[in-house]
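The structure appears right after this line, and notes come after that.
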Amino acid sequence: DPETPGLLAELLREPSIYQQYIYYSHSRLLETTESTEHNCEIIRYSLLTGLKEAILDYTTCGSGCWCASELDAYDKYLVWEDNRAGYSGGQRVHVIDKDSGIEAAISDSSVGNTSVWDGIITYDSFPTSLDTINVFEILTSSNTEYSDGIHDRWYIRPWGNLITWSDARAGGTQANQAYADIYMMDLEDSVEIPVCTDPASQFGSFVFGDLVVWSDLRNDPLYPNNYVAATNRDVYGYRISTGEEFQITSLPGKEWAMHLFDNHVFFLMEDDFGVESIFMKDVR
């Protein structure tokens with residue numbers, strides 16, 4: 001940037017919204033005489049007033065680290081992961097109370113897919129070769145791990161007492177996502193419920209209210225278990241109250257990165273030319 005000597009890159013990313021506020025990560029990569037450093041901020045933007053402010057500005061870290069990613073907001077809490085230590089696999093889950101400004105790290109290293117809902121934080125943990133489910137209760141500062149000790153479980157999403165995730169018990173791993181299925185659990189009784197066990201790969205689930213959605217490869221003619229090579233990904237849904245599964249999208253491309261709110265499904269669609277667009281579908 002010619003206006004700011006020494007500024008190599010400025011990055012805004014990972015937005016999350018709750019009520020009238022949007023939160024996002026702001027990082028600046030600065031060249032110094034000694035090392036390459038990151039200045040990291042988390043910005044809150046008010047849709048009502050247009051006010052933009054940093055709610056967190058934390059210590060710079062050296063080459064190889066990254067600032068906040070996978071931000072998620074609910075009520076007065078904001079969660080994310082970052083790698084302040086600057087080494088591979090060193091990312092930890094952090095949470096901030098937006099009212100008090102108190103921030104804390106709540107996990108060991110090697111985590112991913114942070115999410116928060118009503119006092120519950122969920123994330124993947126892979127300290128060894130196995131991905132496991134972690135559920136952290138903010139009020140009690142207690143963490144519970146759910147694992148069968150054999151198969152990967154990843155991309156956990158909470159809503160109320162429910163969590164959903166991608167599961168590799170039918171074969172494959174988190175790395176290749178082959179034969180992945182979608183499962184659900186009620187945290188009150190820890191009973192696991194299969195949501196979709198189609199022989200193709202399902203991944204990236206999201207739960208809200210009575211609906212679970214995910215990205216599905218069953219309609220790809222050549223690569224129903226290769227999410228990298230597949231050219232056709234569709235969004236499918238599951239009604240919790242009825243146990244009904246149904247197809248939501250059939251666009252000629254790859255639909256993924258779903259979000260849910262009140263029977264509205266938001267998703268990315270990538271066409272054959274690599275162009276990405278954002279869609280919404282009402283599934284009431």
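Naming works like this for the structure tokens: A, B, ... for the chains as they're shown, residue 1 at the start of each chain, ligands 1 onward in shown order.
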Compile a residue-level contact table for stretch 153-271 of chain A against stretch 106-114 of chain A at a cut-off of 12 Å, reporting for every qualifying residue the shortest atom pair and its distance in Å to one decimal, with only C-alpha atoms counted, rows ordered by chain and ascending number, as a tab-separated table.
residue	atom	partner	partner_atom	distance
A:Arg153	CA	A:Asn113	CA	11.4
A:Trp154	CA	A:Asn113	CA	7.8
A:Tyr155	CA	A:Asn113	CA	5.6
A:Ile156	CA	A:Asn113	CA	7.0
A:Arg157	CA	A:Thr114	CA	8.4
A:Pro158	CA	A:Thr114	CA	10.1
A:Trp165	CA	A:Asn113	CA	10.6
A:Ser166	CA	A:Asn113	CA	11.7
A:Gln174	CA	A:Gly112	CA	11.8
A:Gly204	CA	A:Asn113	CA	10.1
A:Ser205	CA	A:Asn113	CA	11.6
A:Phe206	CA	A:Asn113	CA	11.9
Take the residues just selected and output them with C-alpha atoms as a compact mmCIF listing (two decimals), in the first residue's frame.
# COMPACT_ATOMS: atom_id res chain seq x y z
CA ARG A 153 -16.21 -36.75 13.94
CA TRP A 154 -16.03 -33.19 12.69
CA TYR A 155 -17.90 -30.00 11.74
CA ILE A 156 -20.08 -29.92 14.85
CA ARG A 157 -22.98 -27.47 14.95
CA PRO A 158 -25.20 -26.75 18.02
CA TRP A 165 -21.80 -33.48 12.86
CA SER A 166 -20.14 -35.37 9.99
CA GLN A 174 -12.12 -36.27 8.00
CA GLY A 204 -21.08 -29.62 6.46
CA SER A 205 -24.35 -30.01 8.40
CA PHE A 206 -26.21 -27.14 10.07
Could you go through stretch 8-150 of chain A and tell me which residues DSSP, when run on the backbone, assigns to strand (DSSP E), listing them as a ChimeraX atom specification? /A:8-18,21-31,36-46,52-61,66-74,77-83,92-97,103-105,111-117,120-125,132-137,142-146
Go through A:Ile120, A:Val95, A:Val275, A:Val213 one by one, measure the shortest atom-to-atom distance of each to A:Glu137 using only C-alpha atoms, and give the residue with the smallest value.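 Going through A:Ile120, A:Val95, A:Val275, A:Val213 one by one, the smallest distance to A:Glu137 is for A:Ile120.
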Spatial neighbours of A:Glu192, 7 Å, only C-alpha atoms, chain gap at least 4 places, as a ChimeraX atom specification: /A:183-185
If you keep N, CA and C atoms, can you produce a file of those selected residues as a compact mmCIF listing (two decimals), in the first residue's frame?
# COMPACT_ATOMS: atom_id res chain seq x y z
N TYR A 183 -24.89 -37.23 11.60
CA TYR A 183 -25.49 -37.72 12.84
C TYR A 183 -25.93 -36.54 13.70
N MET A 184 -26.79 -36.83 14.65
CA MET A 184 -27.33 -35.82 15.56
C MET A 184 -27.36 -36.41 16.97
N MET A 185 -27.20 -35.54 17.97
CA MET A 185 -27.27 -35.98 19.37
C MET A 185 -28.03 -34.95 20.20
For stretch 223-230 of chain A, list every protein, DNA or RNA residue within 12 Å, evaluated using only C-alpha atoms, and leave out those in the same chain fewer than 5 positions away; present the list as number ranges by chain. A: 168, 170-181, 198-204, 215-218, 252-256, 270, 272
Report, in Å with one decimal, the straight-line distance from atom CA of A:Cys196 to atom CA of A:Leu162. 15.7 Å
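Distances here use only C-alpha atoms; by that measure, the residue among A:Ala104, A:Ile248, A:Val265, A:Leu78 closest to A:Tyr58 is A:Ala104.
Remark: for A:Glu81, the closest of the candidate residues A:Leu268, A:Ser147, A:Ile42, A:Asp97 is A:Ile42 (distances computed over only C-alpha atoms).
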Residues within 12 Å of A:Trp80, only C-alpha atoms, excluding chain neighbours under 4 positions, as a ChimeraX atom specification: /A:14-16,23-25,42,56,66-74,91-96,103-107,111-116,121-123
Write to file, as a short mmCIF file (atom, residue, chain, number, x, y, z; two decimals), in the first residue's frame, the residues of the selection just made, with N, CA and C atoms.
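That gives us again.cif:
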data_model
loop_
_atom_site.label_atom_id
_atom_site.label_comp_id
_atom_site.auth_asym_id
_atom_site.auth_seq_id
_atom_site.Cartn_x
_atom_site.Cartn_y
_atom_site.Cartn_z
N GLU A 14 -14.16 -13.71 7.58
CA GLU A 14 -14.87 -14.51 8.57
C GLU A 14 -16.00 -13.76 9.28
N PRO A 15 -16.93 -13.11 8.54
CA PRO A 15 -18.00 -12.36 9.21
C PRO A 15 -19.01 -13.27 9.89
N SER A 16 -19.55 -12.78 11.00
CA SER A 16 -20.64 -13.44 11.70
C SER A 16 -21.62 -12.37 12.15
N TYR A 23 -19.69 -9.07 13.11
CA TYR A 23 -18.33 -9.21 13.64
C TYR A 23 -17.45 -9.80 12.55
N TYR A 24 -16.21 -9.31 12.46
CA TYR A 24 -15.29 -9.87 11.48
C TYR A 24 -13.85 -9.70 11.95
N SER A 25 -12.98 -10.49 11.33
CA SER A 25 -11.56 -10.47 11.66
C SER A 25 -10.84 -9.47 10.76
N ILE A 42 -10.54 -7.86 16.17
CA ILE A 42 -11.90 -8.29 15.88
C ILE A 42 -12.78 -7.05 15.92
N LEU A 56 -11.53 -6.28 20.26
CA LEU A 56 -10.34 -6.99 20.71
C LEU A 56 -9.19 -6.66 19.78
N TRP A 66 -1.82 -17.04 12.27
CA TRP A 66 -2.96 -16.37 11.65
C TRP A 66 -3.85 -15.79 12.73
N CYS A 67 -4.59 -14.74 12.33
CA CYS A 67 -5.50 -14.07 13.25
C CYS A 67 -6.83 -14.84 13.33
N ALA A 68 -7.81 -14.22 13.97
CA ALA A 68 -9.07 -14.90 14.24
C ALA A 68 -9.72 -15.43 12.98
N SER A 69 -10.21 -16.68 13.04
CA SER A 69 -10.97 -17.28 11.95
C SER A 69 -12.13 -18.06 12.54
N GLU A 70 -13.11 -18.40 11.68
CA GLU A 70 -14.30 -19.15 12.08
C GLU A 70 -15.03 -18.46 13.23
N LEU A 71 -15.28 -17.16 13.08
CA LEU A 71 -16.02 -16.41 14.09
C LEU A 71 -17.48 -16.85 14.13
N ASP A 72 -18.05 -16.88 15.34
CA ASP A 72 -19.46 -17.19 15.51
C ASP A 72 -19.96 -16.45 16.74
N ALA A 73 -21.12 -15.80 16.62
CA ALA A 73 -21.65 -14.97 17.70
C ALA A 73 -23.02 -15.45 18.11
N TYR A 74 -23.27 -15.40 19.42
CA TYR A 74 -24.61 -15.65 19.96
C TYR A 74 -24.72 -14.94 21.30
N GLN A 91 -3.61 -23.82 16.69
CA GLN A 91 -4.79 -23.00 16.89
C GLN A 91 -5.57 -23.45 18.12
N ARG A 92 -6.13 -22.46 18.85
CA ARG A 92 -6.93 -22.72 20.05
C ARG A 92 -8.26 -21.98 19.93
N VAL A 93 -9.26 -22.47 20.65
CA VAL A 93 -10.56 -21.82 20.69
C VAL A 93 -10.53 -20.70 21.73
N HIS A 94 -11.03 -19.53 21.34
CA HIS A 94 -11.12 -18.39 22.25
C HIS A 94 -12.57 -17.93 22.33
N VAL A 95 -12.94 -17.36 23.46
CA VAL A 95 -14.27 -16.79 23.64
C VAL A 95 -14.12 -15.44 24.34
N ILE A 96 -14.98 -14.49 23.95
CA ILE A 96 -14.99 -13.19 24.62
C ILE A 96 -16.42 -12.88 25.04
N GLU A 103 -11.71 -11.97 27.78
CA GLU A 103 -11.41 -12.99 26.78
C GLU A 103 -10.68 -14.15 27.44
N ALA A 104 -10.91 -15.37 26.92
CA ALA A 104 -10.23 -16.55 27.47
C ALA A 104 -10.05 -17.58 26.38
N ALA A 105 -8.95 -18.33 26.47
CA ALA A 105 -8.74 -19.51 25.64
C ALA A 105 -9.34 -20.70 26.37
N ILE A 106 -10.14 -21.51 25.69
CA ILE A 106 -10.85 -22.59 26.37
C ILE A 106 -10.42 -23.98 25.91
N SER A 107 -9.42 -24.06 25.03
CA SER A 107 -9.04 -25.37 24.52
C SER A 107 -7.53 -25.49 24.45
N VAL A 111 -7.46 -27.46 16.96
CA VAL A 111 -8.91 -27.46 16.97
C VAL A 111 -9.42 -26.84 15.67
N GLY A 112 -10.72 -26.93 15.46
CA GLY A 112 -11.33 -26.32 14.29
C GLY A 112 -12.83 -26.27 14.40
N ASN A 113 -13.47 -25.53 13.46
CA ASN A 113 -14.92 -25.49 13.33
C ASN A 113 -15.61 -25.02 14.61
N THR A 114 -15.23 -23.86 15.10
CA THR A 114 -15.83 -23.32 16.33
C THR A 114 -17.23 -22.80 16.06
N SER A 115 -18.12 -23.00 17.05
CA SER A 115 -19.49 -22.52 16.94
C SER A 115 -20.04 -22.33 18.35
N VAL A 116 -21.04 -21.43 18.50
CA VAL A 116 -21.61 -21.15 19.82
C VAL A 116 -23.12 -21.02 19.69
N ILE A 121 -20.44 -24.00 23.50
CA ILE A 121 -19.46 -23.86 22.43
C ILE A 121 -19.08 -25.26 21.95
N THR A 122 -19.09 -25.45 20.65
CA THR A 122 -18.67 -26.73 20.09
C THR A 122 -17.47 -26.52 19.18
N TYR A 123 -16.62 -27.55 19.10
CA TYR A 123 -15.47 -27.50 18.20
C TYR A 123 -14.91 -28.90 18.00
#
Closest of A:Gly119, A:Ile163, A:Asn83, A:Asp124 to A:Ser141 - atom-to-atom distances counting only C-alpha atoms: A:Gly119
Could you list, as an MDAnalysis selection string, every residue within 8 Å of A:Ile278, counting only C-alpha atoms and ignoring same-chain residues fewer than 3 positions away? chainID A and resid 266:269
Output the selection as a CSV table (one decimal), in the first residue's frame - all heavy atoms for each residue.
chain,number,residue,atom,x,y,z
A,266,PHE,N,-29.4,-20.7,3.5
A,266,PHE,CA,-28.4,-19.9,2.7
A,266,PHE,C,-27.3,-20.8,2.4
A,266,PHE,O,-26.8,-21.6,3.2
A,266,PHE,CB,-27.9,-18.7,3.6
A,266,PHE,CG,-29.0,-17.8,4.1
A,266,PHE,CD1,-29.7,-18.1,5.3
A,266,PHE,CD2,-29.4,-16.7,3.4
A,266,PHE,CE1,-30.7,-17.3,5.8
A,266,PHE,CE2,-30.4,-15.8,3.9
A,266,PHE,CZ,-31.1,-16.2,5.0
A,267,PHE,N,-26.8,-20.6,1.1
A,267,PHE,CA,-25.7,-21.5,0.7
A,267,PHE,C,-24.9,-20.9,-0.5
A,267,PHE,O,-25.4,-20.0,-1.1
A,267,PHE,CB,-26.2,-22.9,0.2
A,267,PHE,CG,-27.3,-22.8,-0.9
A,267,PHE,CD1,-26.9,-23.0,-2.2
A,267,PHE,CD2,-28.6,-22.7,-0.6
A,267,PHE,CE1,-27.8,-22.9,-3.2
A,267,PHE,CE2,-29.5,-22.6,-1.6
A,267,PHE,CZ,-29.1,-22.8,-2.9
A,268,LEU,N,-23.7,-21.4,-0.6
A,268,LEU,CA,-22.9,-21.0,-1.8
A,268,LEU,C,-23.1,-22.0,-2.9
A,268,LEU,O,-23.2,-23.2,-2.7
A,268,LEU,CB,-21.4,-21.1,-1.4
A,268,LEU,CG,-20.7,-19.8,-1.0
A,268,LEU,CD1,-19.3,-20.1,-0.5
A,268,LEU,CD2,-20.6,-18.9,-2.3
A,269,MET,N,-23.1,-21.4,-4.2
A,269,MET,CA,-23.2,-22.3,-5.3
A,269,MET,C,-22.0,-21.9,-6.2
A,269,MET,O,-21.9,-20.7,-6.6
A,269,MET,CB,-24.5,-22.2,-6.1
A,269,MET,CG,-24.7,-23.3,-7.1
A,269,MET,SD,-23.9,-23.0,-8.7
A,269,MET,CE,-24.9,-21.7,-9.4
Between atom CA of A:Glu41 and atom CA of A:Asp57, what is the spacing in Å?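 Atom CA of A:Glu41 lies 4.4 Å from atom CA of A:Asp57.
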Quote the spacing between atom CA of A:Trp117 and atom CA of A:Gly160 in Å to one decimal place. 7.0 Å
Polymer residues at most 9 Å from A:Thr249, only C-alpha atoms, same-chain spacing of 6 or more positions, as an MDAnalysis selection string: chainID A and resid 233:236 255 281
